[in-house]
There are 2 protein chains.
Amino acid sequence: MVSDRQFGVISIVGGTGALGGGLALRWARAGLPLIIGSRTAVKAAEAADALRTAVPGADVRGLQNLAAAQAGDVVVLTVPFAHQQPTLEEIRPALAGKILVDTTVPLVPPRVARVQLPPEGSAGLIAQRLAGESVTVVSAFQSVAADSLQGDAPLDCDVLVTGDKAEARDVVVALARAAGFRAWHAGALSNSAAAEALTSVLIFMNKRYGGLHTGLRITGIPDDAA
Amino acid sequence: MVSDRQFGVISIVGGTGALGGGLALRWARAGLPLIIGSRTAVKAAEAADALRTAVPGADVRGLQNLAAAQAGDVVVLTVPFAHQQPTLEEIRPALAGKILVDTTVPLVPPRVARVQLPPEGSAGLIAQRLAGESVTVVSAFQSVAADSLQGDAPLDCDVLVTGDKAEARDVVVALARAAGFRAWHAGALSNSAAAEALTSVLIFMNKRYGGLHTGLRITGIPDDAA
């Protein structure tokens, strides 16, 4: 259990999706105060109600995405690649001075099992450009199989945390560990390209080897290395 | 032990370096017939002599790089990024119709812990462009810590094998397993960007967490999945 004030309030923009909803579940269980953001306040409120049912006593509210971003101390963006730009343009006024955790994977349908990094280098770098210099973008959670967050099995996927400010990475490493992951400082924001690209490899392997839920583990490092 | 004729003769161009020498040691122990290529025939012969001392009975010869590529059925390129282009231009006449295993990681000193993928997308794609269409490029072994190949400890790093032809990937998956790795089909050659980028992340983590030899493991898949 993590102190419920360690991170302030975590807002999950796109929090009704599979990844956002799964992270919300794990963080609610860890006792963290949450806001679930969605494109409509109604859907957000429904998701918050459902989470309180799943986790009695959970400190969670539902708000429209922009209001959610405004009310959050740390903002986590969990939307598909195609929605990354419009969503960031919408919530940008609410992000100044905050940590934005970008989880975007630049999958380009229909060939999602093929690495197709954007010309900017990575979705994380796109997020930084769109959010502006007053926002500290940290990239994480790209390779997490959203399904694995449901239920309560241990999470068999490490989280690579990239960002240009080490103190902001510290926060996100701690957030990922609060959710039950092994999580690591993985370098500059440009290094998000590795985790983003690896996600297409895992999608390929899930198909190639037949319905698996593959994940990433870093070997040669103790679970609690700091 | 793998049949010594399963792969034909494996030529390691740049085989006196840390990665090439380490792979040679593991493959020699597996009984595979090898040629070690180097920029001079003298250095190559010395490396072959040393390998026969380390692995009595090893079927290994040393040849200058171009002669090594000519004599090999499968050619493995293990040179630094800066040498990839000149080496491929030299050995290209010997590669037609063969599998070229590219291990190049596009590290750009001095910031080797920062992902800096080339404009072409990956070093693997550069290799294919330089080698030409008559050559089947398969990319692998990028994230292997060369040190770990010395000695005989189990290898704690999976190998992601990418290439546009599944049958050629099959050969390289089997070669990697013969060396003692877990190894996986990881998709099209463009997916080599993932393993290349991840290498900079591992270098970052080795420094950040203090002298480790981190590696990659894919979770959620049986060791012997085929």
# chains A, B, ... in the order shown; residues from 1 in each chain; ligands from 1
$ closest_atom_pairs --of "chain B" --to "chain A" --cutoff "6 Å" --atoms "only C-alpha atoms" --output "JSON lines"
{"residue": "B:Val115", "atom": "CA", "partner": "A:Asn191", "partner_atom": "CA", "distance": 5.1}
{"residue": "B:Ala186", "atom": "CA", "partner": "A:Val201", "partner_atom": "CA", "distance": 5.5}
{"residue": "B:Asn191", "atom": "CA", "partner": "A:Val115", "partner_atom": "CA", "distance": 5.1}
{"residue": "B:Ala194", "atom": "CA", "partner": "A:Ala197", "partner_atom": "CA", "distance": 4.7}
{"residue": "B:Ala197", "atom": "CA", "partner": "A:Ala194", "partner_atom": "CA", "distance": 4.8}
{"residue": "B:Leu198", "atom": "CA", "partner": "A:Ala194", "partner_atom": "CA", "distance": 5.0}
{"residue": "B:Val201", "atom": "CA", "partner": "A:Ala186", "partner_atom": "CA", "distance": 5.5}
{"residue": "B:His213", "atom": "CA", "partner": "A:Gly220", "partner_atom": "CA", "distance": 5.7}
{"residue": "B:Thr214", "atom": "CA", "partner": "A:Gly220", "partner_atom": "CA", "distance": 4.5}
{"residue": "B:Gly215", "atom": "CA", "partner": "A:Thr219", "partner_atom": "CA", "distance": 4.8}
{"residue": "B:Leu216", "atom": "CA", "partner": "A:Ile218", "partner_atom": "CA", "distance": 4.9}
{"residue": "B:Arg217", "atom": "CA", "partner": "A:Arg217", "partner_atom": "CA", "distance": 4.9}
{"residue": "B:Ile218", "atom": "CA", "partner": "A:Leu216", "partner_atom": "CA", "distance": 5.0}
{"residue": "B:Thr219", "atom": "CA", "partner": "A:Gly215", "partner_atom": "CA", "distance": 4.8}
{"residue": "B:Gly220", "atom": "CA", "partner": "A:Thr214", "partner_atom": "CA", "distance": 4.5}
$ residues_around --residues "segment 13-29 of chain A" --least-positions-apart "6" --cutoff "6 Å" --atoms "only C-alpha atoms" --output "PyMOL selection string"
chain A and resi 36-38+58+65+76-79+146+149-150+179
$ select_by_dssp --residues "segment 19-220 of chain A" --states "helix (DSSP H, G or I)" --output "VMD selection string"
chain A and resid 19 to 29 41 to 54 65 to 71 81 to 94 123 to 131 146 to 149 166 to 178 189 to 208
$ closest_residue --among "B:Ala178, B:Ala69, B:Ala127, B:Val171" --to "Leu32 of chain B" --atoms "only C-alpha atoms"
B:Ala178
$ select_by_dssp --residues "segment 5-188 of chain A" --states "strand (DSSP E or B)" --output "PyMOL selection string"
chain A and resi 10-13+34-38+60-64+74-77+99-102+136-139+159-163+183-185
$ write_last_selection --atoms "C-alpha atoms" --output "short mmCIF file (atom, residue, chain, number, x, y, z; two decimals), in the first residue's frame"
data_model
loop_
_atom_site.label_atom_id
_atom_site.label_comp_id
_atom_site.auth_asym_id
_atom_site.auth_seq_id
_atom_site.Cartn_x
_atom_site.Cartn_y
_atom_site.Cartn_z
CA ILE A 10 -4.02 10.67 -10.74
CA SER A 11 -6.24 11.48 -13.70
CA ILE A 12 -6.56 8.87 -16.41
CA VAL A 13 -7.60 10.52 -19.67
CA LEU A 34 -8.14 8.67 -9.03
CA ILE A 35 -10.12 10.51 -11.62
CA ILE A 36 -11.36 8.66 -14.66
CA GLY A 37 -11.64 10.87 -17.73
CA SER A 38 -13.75 10.08 -20.76
CA VAL A 60 -12.49 7.70 -7.63
CA ARG A 61 -14.52 10.24 -9.58
CA GLY A 62 -15.50 10.43 -13.23
CA LEU A 63 -15.12 13.61 -15.28
CA GLN A 64 -15.01 14.67 -18.92
CA VAL A 74 -0.48 13.60 -12.61
CA VAL A 75 -2.26 13.03 -15.94
CA VAL A 76 -2.08 9.64 -17.65
CA LEU A 77 -3.04 9.51 -21.33
CA ILE A 99 3.66 15.28 -15.40
CA LEU A 100 1.93 13.79 -18.43
CA VAL A 101 2.32 10.02 -18.62
CA ASP A 102 2.00 9.06 -22.28
CA THR A 136 7.01 17.05 -18.35
CA VAL A 137 6.21 14.05 -20.52
CA VAL A 138 7.12 10.61 -19.22
CA SER A 139 6.43 7.58 -21.39
CA VAL A 159 7.47 -1.26 -17.47
CA LEU A 160 10.18 0.85 -19.13
CA VAL A 161 9.90 4.45 -17.96
CA THR A 162 11.47 7.06 -20.22
CA GLY A 163 11.62 10.83 -19.88
CA ALA A 183 9.41 -0.81 -13.43
CA TRP A 184 12.67 0.79 -14.48
CA HIS A 185 14.28 4.04 -15.42
#
